[in-house]
>>> print(open('input.tsv').read())   # TSV, C-alpha atoms
chain	number	residue	atom	x	y	z
A	1	MET	CA	4.92	12.61	-3.48
A	2	ALA	CA	2.33	12.88	-6.23
A	3	GLU	CA	-0.65	15.17	-5.69
A	4	VAL	CA	-3.12	13.56	-3.31
A	5	ILE	CA	-6.67	13.08	-4.56
A	6	GLU	CA	-8.94	13.45	-1.54
A	7	SER	CA	-12.24	12.47	-3.16
A	8	PHE	CA	-13.26	10.43	-6.16
A	9	LEU	CA	-16.05	8.28	-7.54
A	10	ARG	CA	-15.43	5.35	-9.86
A	11	THR	CA	-16.37	1.84	-10.89
A	12	GLU	CA	-14.29	-1.13	-9.72
A	13	TYR	CA	-14.28	-4.56	-11.36
A	14	LYS	CA	-12.65	-7.46	-9.51
A	15	TYR	CA	-11.56	-10.86	-10.85
A	16	ARG	CA	-9.94	-13.78	-9.06
A	17	MET	CA	-7.29	-15.65	-11.04
A	18	ASN	CA	-4.01	-17.52	-10.77
A	19	HIS	CA	-0.52	-16.34	-11.74
A	20	ALA	CA	-0.64	-17.98	-15.16
A	21	GLN	CA	-3.87	-16.15	-15.95
A	22	ALA	CA	-2.37	-12.90	-14.69
A	23	GLU	CA	0.58	-13.29	-17.04
A	24	GLU	CA	-1.78	-14.11	-19.91
A	25	PHE	CA	-3.78	-11.00	-19.13
A	26	MET	CA	-0.60	-8.91	-19.18
A	27	LYS	CA	0.42	-10.30	-22.58
A	28	ARG	CA	-2.96	-9.44	-24.05
A	29	ALA	CA	-3.00	-5.98	-22.47
A	30	SER	CA	0.64	-5.07	-23.16
A	31	ASP	CA	-0.23	-2.66	-26.00
A	32	HIS	CA	-2.64	-0.74	-23.78
A	33	ILE	CA	-1.04	-0.41	-20.33
A	34	VAL	CA	2.26	0.72	-18.83
A	35	PRO	CA	3.60	0.58	-15.26
A	36	ASP	CA	2.03	3.29	-13.13
A	37	ILE	CA	4.06	6.06	-11.51
A	38	TYR	CA	4.37	3.76	-8.47
A	39	PRO	CA	4.41	0.35	-10.17
A	40	GLN	CA	4.99	-2.03	-7.26
A	41	TYR	CA	4.52	-1.66	-3.53
A	42	THR	CA	3.04	-3.15	-0.38
A	43	VAL	CA	-0.22	-1.71	0.96
A	44	TYR	CA	-0.41	-1.34	4.75
A	45	ASN	CA	-3.90	-1.14	6.28
A	46	ILE	CA	-5.80	-0.93	9.52
A	47	TYR	CA	-9.46	-1.80	9.01
A	48	CYS	CA	-11.81	-0.36	11.60
A	49	ASP	CA	-15.34	-1.14	12.66
A	50	SER	CA	-17.73	-0.47	15.51
A	51	GLU	CA	-17.35	-2.64	18.57
A	52	ASP	CA	-20.31	-4.75	17.38
A	53	ASN	CA	-18.96	-5.11	13.80
A	54	ARG	CA	-21.83	-3.26	12.17
A	55	MET	CA	-19.95	-2.50	8.95
A	56	ALA	CA	-18.79	-6.08	8.42
A	57	LEU	CA	-22.21	-7.53	9.18
A	58	ARG	CA	-23.86	-5.09	6.82
A	59	CYS	CA	-21.45	-6.02	4.01
A	60	LEU	CA	-22.37	-9.68	4.44
A	61	GLU	CA	-25.94	-8.70	3.57
A	62	HIS	CA	-24.76	-7.47	0.13
A	63	PRO	CA	-26.79	-4.25	0.42
A	64	ASP	CA	-27.03	-1.55	-2.25
A	65	TYR	CA	-25.14	0.79	0.08
A	66	LYS	CA	-22.20	-0.06	2.32
A	67	GLU	CA	-19.20	1.70	3.81
A	68	LYS	CA	-15.94	1.00	5.58
A	69	LEU	CA	-13.22	2.92	7.39
A	70	ARG	CA	-9.52	2.25	7.06
A	71	PHE	CA	-6.14	3.81	7.69
A	72	ARG	CA	-3.70	3.15	4.87
A	73	SER	CA	-0.11	3.74	3.85
A	74	TYR	CA	1.70	2.74	0.70
A	75	VAL	CA	5.04	2.25	2.48
A	76	ASP	CA	5.86	1.01	5.96
A	77	PRO	CA	5.26	4.36	7.66
A	78	ASP	CA	7.49	6.36	9.93
A	79	GLU	CA	6.74	9.65	11.64
A	80	ASN	CA	6.95	11.58	8.35
A	81	THR	CA	5.11	9.15	6.09
A	82	PRO	CA	1.61	10.07	4.87
A	83	VAL	CA	-1.15	7.89	6.30
A	84	PHE	CA	-4.54	8.10	4.61
A	85	MET	CA	-7.66	8.04	6.74
A	86	GLU	CA	-10.46	7.20	4.37
A	87	VAL	CA	-14.07	6.18	4.21
A	88	LYS	CA	-14.88	3.96	1.25
A	89	LYS	CA	-18.51	3.82	0.19
A	90	LYS	CA	-20.29	1.70	-2.38
A	91	PHE	CA	-23.70	2.40	-3.85
A	92	ASP	CA	-25.36	1.00	-6.95
A	93	GLY	CA	-22.10	-0.25	-8.45
A	94	LEU	CA	-20.13	2.94	-7.84
A	95	THR	CA	-17.28	3.28	-5.34
A	96	GLY	CA	-16.50	6.57	-3.65
A	97	LYS	CA	-13.63	7.54	-1.38
A	98	ARG	CA	-13.30	10.50	0.95
A	99	ARG	CA	-9.95	10.83	2.70
A	100	ILE	CA	-7.52	13.08	4.50
A	101	VAL	CA	-3.77	12.77	4.94
A	102	LEU	CA	-2.22	12.51	8.41
A	103	ASN	CA	1.04	11.32	9.90
A	104	GLU	CA	0.99	8.05	11.82
A	105	ALA	CA	0.96	9.66	15.26
A	106	SER	CA	-2.02	11.88	14.41
A	107	ALA	CA	-3.89	9.01	12.77
A	108	MET	CA	-3.48	6.71	15.76
A	109	ALA	CA	-4.34	9.48	18.23
A	110	TYR	CA	-7.56	10.12	16.30
A	111	LEU	CA	-8.49	6.44	16.17
A	112	ASN	CA	-7.46	5.35	19.65
A	113	ASP	CA	-7.83	8.51	21.75
A	114	HIS	CA	-10.36	10.52	19.70
A	115	VAL	CA	-7.94	13.42	19.34
A	116	ARG	CA	-9.28	15.24	16.30
A	117	PRO	CA	-6.54	16.36	13.87
A	118	GLY	CA	-6.13	20.04	13.13
A	119	ILE	CA	-7.63	19.85	9.65
A	120	ASP	CA	-10.58	22.05	8.76
A	121	SER	CA	-12.22	20.86	5.56
A	122	GLN	CA	-15.51	19.42	4.41
A	123	ILE	CA	-14.02	15.92	4.18
A	124	ALA	CA	-12.46	16.21	7.65
A	125	ARG	CA	-15.87	17.17	9.07
A	126	GLU	CA	-17.51	14.23	7.29
A	127	LEU	CA	-14.92	11.85	8.73
A	128	ASP	CA	-15.43	13.31	12.19
A	129	PHE	CA	-19.19	12.68	11.90
A	130	PHE	CA	-18.40	9.10	10.83
A	131	MET	CA	-16.15	8.66	13.89
A	132	LYS	CA	-18.84	9.95	16.23
A	133	THR	CA	-21.52	7.77	14.63
A	134	TYR	CA	-19.70	4.44	14.60
A	135	ARG	CA	-17.17	4.98	17.41
A	136	PRO	CA	-14.79	2.73	15.42
A	137	VAL	CA	-11.94	0.71	16.85
A	138	ALA	CA	-9.03	-0.99	15.11
A	139	LYS	CA	-10.08	-4.51	14.13
A	140	VAL	CA	-7.59	-5.90	11.62
A	141	SER	CA	-4.11	-5.26	10.27
A	142	ALA	CA	-3.98	-6.27	6.61
A	143	PHE	CA	-1.19	-6.16	4.06
A	144	TYR	CA	-0.82	-7.17	0.45
A	145	ASP	CA	1.59	-6.76	-2.44
A	146	ARG	CA	0.37	-4.78	-5.44
A	147	ARG	CA	1.46	-4.29	-9.04
A	148	CYS	CA	-0.14	-1.27	-10.66
A	149	TYR	CA	-0.58	-0.23	-14.30
A	150	ALA	CA	-2.12	2.73	-16.09
A	151	SER	CA	-3.88	2.78	-19.43
A	152	THR	CA	-2.07	4.51	-22.29
A	153	GLY	CA	-5.33	5.52	-23.96
A	154	GLU	CA	-7.66	6.39	-21.08
A	155	GLN	CA	-6.64	8.66	-18.21
A	156	ASP	CA	-9.20	7.18	-15.84
A	157	VAL	CA	-8.30	3.47	-16.21
A	158	ARG	CA	-5.94	1.65	-13.86
A	159	VAL	CA	-5.22	-2.06	-13.52
A	160	THR	CA	-3.88	-3.59	-10.32
A	161	PHE	CA	-2.88	-7.08	-9.21
A	162	ASP	CA	-3.03	-7.86	-5.48
A	163	GLU	CA	-1.51	-10.99	-4.00
A	164	ASN	CA	-0.07	-12.43	-0.79
A	165	ILE	CA	-2.93	-10.95	1.24
A	166	ARG	CA	-2.12	-11.42	4.92
A	167	TYR	CA	-3.57	-10.20	8.17
A	168	ARG	CA	-3.59	-10.33	11.95
A	169	THR	CA	-6.16	-9.43	14.57
A	170	GLU	CA	-3.86	-9.15	17.58
A	171	ASN	CA	-1.67	-6.12	18.31
A	172	VAL	CA	-3.34	-4.25	15.47
A	173	SER	CA	-1.17	-1.54	13.93
A	174	ILE	CA	-0.21	-0.33	10.49
A	175	HIS	CA	3.11	-2.19	10.68
A	176	GLU	CA	3.83	-5.85	9.93
A	177	ASP	CA	5.29	-7.88	12.79
A	178	GLY	CA	5.76	-11.30	11.19
A	179	THR	CA	2.74	-12.98	12.81
A	180	GLU	CA	0.36	-12.38	9.90
A	181	ILE	CA	-1.50	-15.29	8.31
A	182	PRO	CA	-2.70	-15.68	4.72
A	183	LEU	CA	-6.27	-14.67	3.97
A	184	ILE	CA	-6.45	-17.03	0.99
A	185	ASP	CA	-5.05	-20.53	1.44
A	186	ASP	CA	-4.01	-20.96	-2.20
A	187	PRO	CA	-0.75	-18.97	-2.74
A	188	ASP	CA	-1.38	-19.04	-6.50
A	189	THR	CA	-4.29	-16.62	-6.12
A	190	VAL	CA	-4.14	-13.13	-7.62
A	191	MET	CA	-6.88	-10.51	-7.39
A	192	LEU	CA	-7.18	-8.40	-10.53
A	193	GLU	CA	-8.93	-5.07	-10.12
A	194	ILE	CA	-9.89	-2.67	-12.88
A	195	LYS	CA	-10.63	0.87	-11.76
A	196	ALA	CA	-12.36	3.30	-14.12
A	197	ASP	CA	-14.27	6.55	-13.84
A	198	ARG	CA	-16.53	5.32	-16.60
A	199	ARG	CA	-17.13	1.95	-18.23
A	200	CYS	CA	-14.34	-0.44	-19.18
A	201	PRO	CA	-12.83	0.38	-22.59
A	202	MET	CA	-13.50	-2.06	-25.41
A	203	TRP	CA	-10.00	-3.55	-25.41
A	204	LEU	CA	-10.40	-4.51	-21.74
A	205	THR	CA	-13.88	-5.91	-22.29
A	206	GLU	CA	-12.58	-8.09	-25.11
A	207	ILE	CA	-9.73	-9.47	-22.98
A	208	ILE	CA	-12.09	-10.29	-20.13
A	209	SER	CA	-14.50	-11.98	-22.53
A	210	ASP	CA	-11.81	-13.94	-24.42
A	211	MET	CA	-10.27	-15.19	-21.16
A	212	LYS	CA	-13.73	-16.02	-19.77
A	213	LEU	CA	-13.01	-14.12	-16.56
A	214	ARG	CA	-15.90	-13.89	-14.14
A	215	ARG	CA	-16.40	-10.78	-12.07
A	216	THR	CA	-16.41	-11.37	-8.33
A	217	SER	CA	-17.35	-9.44	-5.21
A	218	PHE	CA	-14.41	-9.41	-2.84
A	219	SER	CA	-13.81	-7.28	0.25
A	220	LYS	CA	-10.61	-7.98	2.14
A	221	TYR	CA	-11.95	-6.84	5.50
A	222	THR	CA	-15.29	-8.61	5.16
A	223	SER	CA	-13.55	-11.80	4.01
A	224	ILE	CA	-11.32	-11.67	7.08
A	225	TYR	CA	-14.33	-11.16	9.34
A	226	GLU	CA	-16.25	-14.02	7.74
A	227	LYS	CA	-13.22	-16.32	7.98
A	228	GLN	CA	-12.87	-15.52	11.68
A	229	LEU	CA	-16.55	-16.14	12.26
A	230	LYS	CA	-16.37	-19.57	10.65
A	231	GLU	CA	-13.21	-20.48	12.56
A	232	THR	CA	-14.77	-19.37	15.83
A	233	LEU	CA	-17.66	-21.73	15.18
A	234	GLY	CA	-15.15	-24.51	14.52
A	235	ASN	CA	-16.51	-25.44	11.11
A	236	LYS	CA	-15.77	-23.82	7.77
A	237	ARG	CA	-18.97	-25.10	6.19
A	238	ARG	CA	-22.33	-23.38	6.49
A	239	THR	CA	-23.77	-25.82	8.99
A	240	PRO	CA	-27.06	-25.24	10.88
A	241	ALA	CA	-24.99	-23.95	13.80
A	242	PHE	CA	-23.27	-21.45	11.54
A	243	GLU	CA	-26.58	-20.33	10.06
A	244	ALA	CA	-28.06	-19.85	13.53
A	245	ALA	CA	-25.08	-17.80	14.71
A	246	TYR	CA	-25.04	-15.79	11.51
A	247	ALA	CA	-28.77	-15.10	11.83
A	248	ALA	CA	-28.22	-13.91	15.39
A	249	GLY	CA	-25.48	-11.61	14.13
A	250	LYS	CA	-27.78	-10.16	11.50
A	251	LYS	CA	-30.48	-9.57	14.11
A	252	GLU	CA	-27.98	-7.80	16.33
A	253	MET	CA	-26.81	-5.71	13.39
A	254	LYS	CA	-30.37	-4.56	12.60
A	255	SER	CA	-30.87	-3.63	16.24
A	256	CYS	CA	-27.69	-1.57	16.20
A	257	LEU	CA	-28.65	0.18	12.97
A	258	ILE	CA	-31.94	1.21	14.55
A	259	GLN	CA	-30.16	2.57	17.62
A	260	TYR	CA	-27.74	4.66	15.58
>>> encode(input="input.tsv", output="structure tokens")
Amino acid sequence: MAEVIESFLRTEYKYRMNHAQAEEFMKRASDHIVPDIYPQYTVYNIYCDSEDNRMALRCLEHPDYKEKLRFRSYVDPDENTPVFMEVKKKFDGLTGKRRIVLNEASAMAYLNDHVRPGIDSQIARELDFFMKTYRPVAKVSAFYDRRCYASTGEQDVRVTFDENIRYRTENVSIHEDGTEIPLIDDPDTVMLEIKADRRCPMWLTEIISDMKLRRTSFSKYTSIYEKQLKETLGNKRRTPAFEAAYAAGKKEMKSCLIQY
């Protein structure tokens, strides 16, 4: 396994496109990127939140600062596979991650039974404070297929394509069980993400401009939560009933933030 980076801060740019656009992007970028050390894989996630969904509700407000907790593996894990427990934070356009590496049994014991792993580090203590503050529970299993590329000219630039995003909210675990449903109805959808420690290099900026790609804000967990909320209300449009329920959720969120 490659060396694990436990903490980093970077900028992430996301673009929604179809497969034809993704292939066009690859043709234009072919002189600048190569397959990453792990070029293609499925990402396995458990997204967590407080019982009252404070993190999801806060994200729907589009605040300057937001955070989320997830458990993640880059292969279908077994007892010896690394599982990352990580807090992802966003502030003022920058994305930071703080994470530790566990095995699946330790990760699930920490999440479900509050059995703290035997790791003594600054990041482990930060994560423990996060666990005590939010008292998170497993909310969603989410999986998606990723292609990953690295820049040949900039060490900090990576390009990924995520597709076939699927999830379930019952029997939440880090394993697929075949009952997952698509997050995005259109199977031709691909999410392009550019990750850089600094600004996008000029060659990437030119491709984005020439293809008229529009940057989007997209959170898999928040999108799943919002989709569930709309389906629970029985109407996918923002009707007065939806607005009233959403307003009540925001009020509840503010009350919870004051309490904690």
>>> residues_around(input="input.tsv", residues="Tyr41 of chain A", least_positions_apart="4", cutoff="8 Å", atoms="all atoms listed in the file", output="VMD selection string")
chain A and resid 74 to 75 145 to 147
>>> closest_atom_pairs(input="input.tsv", of="segment 84-120 of chain A", to="segment 213-219 of chain A", cutoff="12 Å", atoms="all atoms listed in the file", output="Markdown table")
| residue | atom | partner | partner_atom | distance |
| --- | --- | --- | --- | --- |
| A:Lys88 | CA | A:Ser219 | CA | 11.3 |
| A:Lys90 | CA | A:Ser219 | CA | 11.4 |
| A:Gly93 | CA | A:Ser217 | CA | 10.8 |
>>> write_last_selection(input="input.tsv", atoms="C-alpha atoms", output="mmCIF file, in the frame of the given file")
data_model
loop_
_atom_site.group_PDB
_atom_site.id
_atom_site.type_symbol
_atom_site.label_atom_id
_atom_site.label_comp_id
_atom_site.auth_asym_id
_atom_site.auth_seq_id
_atom_site.Cartn_x
_atom_site.Cartn_y
_atom_site.Cartn_z
ATOM 1 C CA LYS A 88 -14.880 3.960 1.250
ATOM 2 C CA LYS A 90 -20.290 1.700 -2.380
ATOM 3 C CA GLY A 93 -22.100 -0.250 -8.450
#
>>> residues_around(input="input.tsv", residues="Ile46 of chain A", least_positions_apart="6", cutoff="8 Å", atoms="all atoms listed in the file", output="PyMOL selection string")
chain A and resi 70-72+138-142+172-174
>>> write_last_selection(input="input.tsv", atoms="C-alpha atoms", output="tab-separated table (two decimals), in the coordinates of the input")
chain	number	residue	atom	x	y	z
A	70	ARG	CA	-9.52	2.25	7.06
A	71	PHE	CA	-6.14	3.81	7.69
A	72	ARG	CA	-3.70	3.15	4.87
A	138	ALA	CA	-9.03	-0.99	15.11
A	139	LYS	CA	-10.08	-4.51	14.13
A	140	VAL	CA	-7.59	-5.90	11.62
A	141	SER	CA	-4.11	-5.26	10.27
A	142	ALA	CA	-3.98	-6.27	6.61
A	172	VAL	CA	-3.34	-4.25	15.47
A	173	SER	CA	-1.17	-1.54	13.93
A	174	ILE	CA	-0.21	-0.33	10.49
>>> atom_distance(input="input.tsv", atom1="atom CA of Leu111 of chain A", atom2="atom CA of Met131 of chain A")
8.3 Å
>>> closest_residue(input="input.tsv", among="A:Met211, A:Leu204, A:Cys48, A:Val83", to="Lys68 of chain A", atoms="all atoms listed in the file")
A:Cys48
>>> atom_distance(input="input.tsv", atom1="atom CA of Arg116 of chain A", atom2="atom CA of Glu67 of chain A")
20.9 Å
>>> residues_around(input="input.tsv", residues="Glu180 of chain A", least_positions_apart="3", cutoff="8 Å", atoms="all atoms listed in the file", output="JSON, numbers by chain")
{"A": [166, 167, 168, 176, 177]}
>>> write_last_selection(input="input.tsv", atoms="C-alpha atoms", output="PDB file, in the coordinates of the input")
ATOM      1  CA  ARG A 166      -2.120 -11.420   4.920  1.00  0.00           C
ATOM      2  CA  TYR A 167      -3.570 -10.200   8.170  1.00  0.00           C
ATOM      3  CA  ARG A 168      -3.590 -10.330  11.950  1.00  0.00           C
ATOM      4  CA  GLU A 176       3.830  -5.850   9.930  1.00  0.00           C
ATOM      5  CA  ASP A 177       5.290  -7.880  12.790  1.00  0.00           C
TER       6      ASP A 177
END
>>> atom_distance(input="input.tsv", atom1="atom CA of Glu126 of chain A", atom2="atom CA of Thr81 of chain A")
23.2 Å
>>> closest_atom_pairs(input="input.tsv", of="segment 47-163 of chain A", to="segment 182-197 of chain A", cutoff="7 Å", atoms="all atoms listed in the file", output="Markdown table")
| residue | atom | partner | partner_atom | distance |
| --- | --- | --- | --- | --- |
| A:Asp156 | CA | A:Ala196 | CA | 5.3 |
| A:Val157 | CA | A:Ala196 | CA | 4.6 |
| A:Arg158 | CA | A:Lys195 | CA | 5.2 |
| A:Val159 | CA | A:Ile194 | CA | 4.8 |
| A:Thr160 | CA | A:Glu193 | CA | 5.3 |
| A:Phe161 | CA | A:Leu192 | CA | 4.7 |
| A:Asp162 | CA | A:Met191 | CA | 5.0 |
| A:Glu163 | CA | A:Val190 | CA | 5.0 |
>>> build_atoms(input="input.tsv", residues="segment 102-113 of chain A", atoms="all heavy atoms", output="mmCIF file, in the frame of the given file")
data_model
loop_
_atom_site.group_PDB
_atom_site.id
_atom_site.type_symbol
_atom_site.label_atom_id
_atom_site.label_comp_id
_atom_site.auth_asym_id
_atom_site.auth_seq_id
_atom_site.Cartn_x
_atom_site.Cartn_y
_atom_site.Cartn_z
ATOM 1 N N LEU A 102 -2.766 12.256 7.082
ATOM 2 C CA LEU A 102 -2.220 12.510 8.410
ATOM 3 C C LEU A 102 -0.836 11.888 8.504
ATOM 4 O O LEU A 102 -0.421 11.142 7.612
ATOM 5 C CB LEU A 102 -3.124 11.902 9.478
ATOM 6 C CG LEU A 102 -4.611 12.300 9.449
ATOM 7 C CD1 LEU A 102 -5.403 11.381 10.382
ATOM 8 C CD2 LEU A 102 -4.785 13.747 9.872
ATOM 9 N N ASN A 103 -0.117 12.153 9.591
ATOM 10 C CA ASN A 103 1.040 11.320 9.900
ATOM 11 C C ASN A 103 0.578 10.196 10.822
ATOM 12 O O ASN A 103 -0.558 10.208 11.313
ATOM 13 C CB ASN A 103 2.187 12.131 10.502
ATOM 14 C CG ASN A 103 1.795 12.842 11.791
ATOM 15 O OD1 ASN A 103 1.044 12.298 12.613
ATOM 16 N ND2 ASN A 103 2.287 14.058 11.975
ATOM 17 N N GLU A 104 1.419 9.226 11.055
ATOM 18 C CA GLU A 104 0.990 8.050 11.820
ATOM 19 C C GLU A 104 0.554 8.421 13.240
ATOM 20 O O GLU A 104 -0.471 7.933 13.739
ATOM 21 C CB GLU A 104 2.097 7.004 11.875
ATOM 22 C CG GLU A 104 1.655 5.739 12.592
ATOM 23 C CD GLU A 104 2.756 4.710 12.764
ATOM 24 O OE1 GLU A 104 3.906 4.983 12.372
ATOM 25 O OE2 GLU A 104 2.457 3.622 13.310
ATOM 26 N N ALA A 105 1.295 9.309 13.888
ATOM 27 C CA ALA A 105 0.960 9.660 15.260
ATOM 28 C C ALA A 105 -0.424 10.312 15.342
ATOM 29 O O ALA A 105 -1.231 9.976 16.217
ATOM 30 C CB ALA A 105 2.024 10.603 15.833
ATOM 31 N N SER A 106 -0.715 11.221 14.415
ATOM 32 C CA SER A 106 -2.020 11.880 14.410
ATOM 33 C C SER A 106 -3.142 10.903 14.090
ATOM 34 O O SER A 106 -4.231 10.959 14.682
ATOM 35 C CB SER A 106 -2.034 13.034 13.402
ATOM 36 O OG SER A 106 -1.119 14.041 13.772
ATOM 37 N N ALA A 107 -2.873 9.995 13.153
ATOM 38 C CA ALA A 107 -3.890 9.010 12.770
ATOM 39 C C ALA A 107 -4.243 8.103 13.938
ATOM 40 O O ALA A 107 -5.418 7.838 14.205
ATOM 41 C CB ALA A 107 -3.380 8.186 11.582
ATOM 42 N N MET A 108 -3.228 7.612 14.648
ATOM 43 C CA MET A 108 -3.480 6.710 15.760
ATOM 44 C C MET A 108 -4.099 7.443 16.960
ATOM 45 O O MET A 108 -4.928 6.880 17.680
ATOM 46 C CB MET A 108 -2.182 6.005 16.175
ATOM 47 C CG MET A 108 -1.616 5.086 15.098
ATOM 48 S SD MET A 108 -2.793 3.815 14.524
ATOM 49 C CE MET A 108 -3.383 4.567 12.991
ATOM 50 N N ALA A 109 -3.727 8.704 17.147
ATOM 51 C CA ALA A 109 -4.340 9.480 18.230
ATOM 52 C C ALA A 109 -5.821 9.705 17.934
ATOM 53 O O ALA A 109 -6.655 9.674 18.854
ATOM 54 C CB ALA A 109 -3.615 10.814 18.381
ATOM 55 N N TYR A 110 -6.157 9.919 16.685
ATOM 56 C CA TYR A 110 -7.560 10.120 16.300
ATOM 57 C C TYR A 110 -8.355 8.841 16.509
ATOM 58 O O TYR A 110 -9.456 8.846 17.066
ATOM 59 C CB TYR A 110 -7.611 10.552 14.845
ATOM 60 C CG TYR A 110 -8.921 11.155 14.390
ATOM 61 C CD1 TYR A 110 -9.907 11.569 15.291
ATOM 62 C CD2 TYR A 110 -9.169 11.331 13.034
ATOM 63 C CE1 TYR A 110 -11.090 12.146 14.856
ATOM 64 C CE2 TYR A 110 -10.349 11.913 12.586
ATOM 65 C CZ TYR A 110 -11.308 12.315 13.504
ATOM 66 O OH TYR A 110 -12.476 12.874 13.068
ATOM 67 N N LEU A 111 -7.784 7.711 16.070
ATOM 68 C CA LEU A 111 -8.490 6.440 16.170
ATOM 69 C C LEU A 111 -8.584 5.954 17.621
ATOM 70 O O LEU A 111 -9.668 5.567 18.080
ATOM 71 C CB LEU A 111 -7.773 5.379 15.324
ATOM 72 C CG LEU A 111 -8.293 3.947 15.437
ATOM 73 C CD1 LEU A 111 -9.748 3.852 14.991
ATOM 74 C CD2 LEU A 111 -7.418 2.991 14.612
ATOM 75 N N ASN A 112 -7.494 5.977 18.320
ATOM 76 C CA ASN A 112 -7.460 5.350 19.650
ATOM 77 C C ASN A 112 -7.883 6.278 20.783
ATOM 78 O O ASN A 112 -8.470 5.830 21.771
ATOM 79 C CB ASN A 112 -6.049 4.819 19.925
ATOM 80 C CG ASN A 112 -5.634 3.742 18.926
ATOM 81 O OD1 ASN A 112 -6.448 2.933 18.498
ATOM 82 N ND2 ASN A 112 -4.354 3.738 18.557
ATOM 83 N N ASP A 113 -7.587 7.578 20.647
ATOM 84 C CA ASP A 113 -7.830 8.510 21.750
ATOM 85 C C ASP A 113 -8.815 9.612 21.386
ATOM 86 O O ASP A 113 -9.051 10.521 22.189
ATOM 87 C CB ASP A 113 -6.507 9.137 22.206
ATOM 88 C CG ASP A 113 -5.491 8.088 22.636
ATOM 89 O OD1 ASP A 113 -5.894 7.144 23.337
ATOM 90 O OD2 ASP A 113 -4.315 8.202 22.246
#
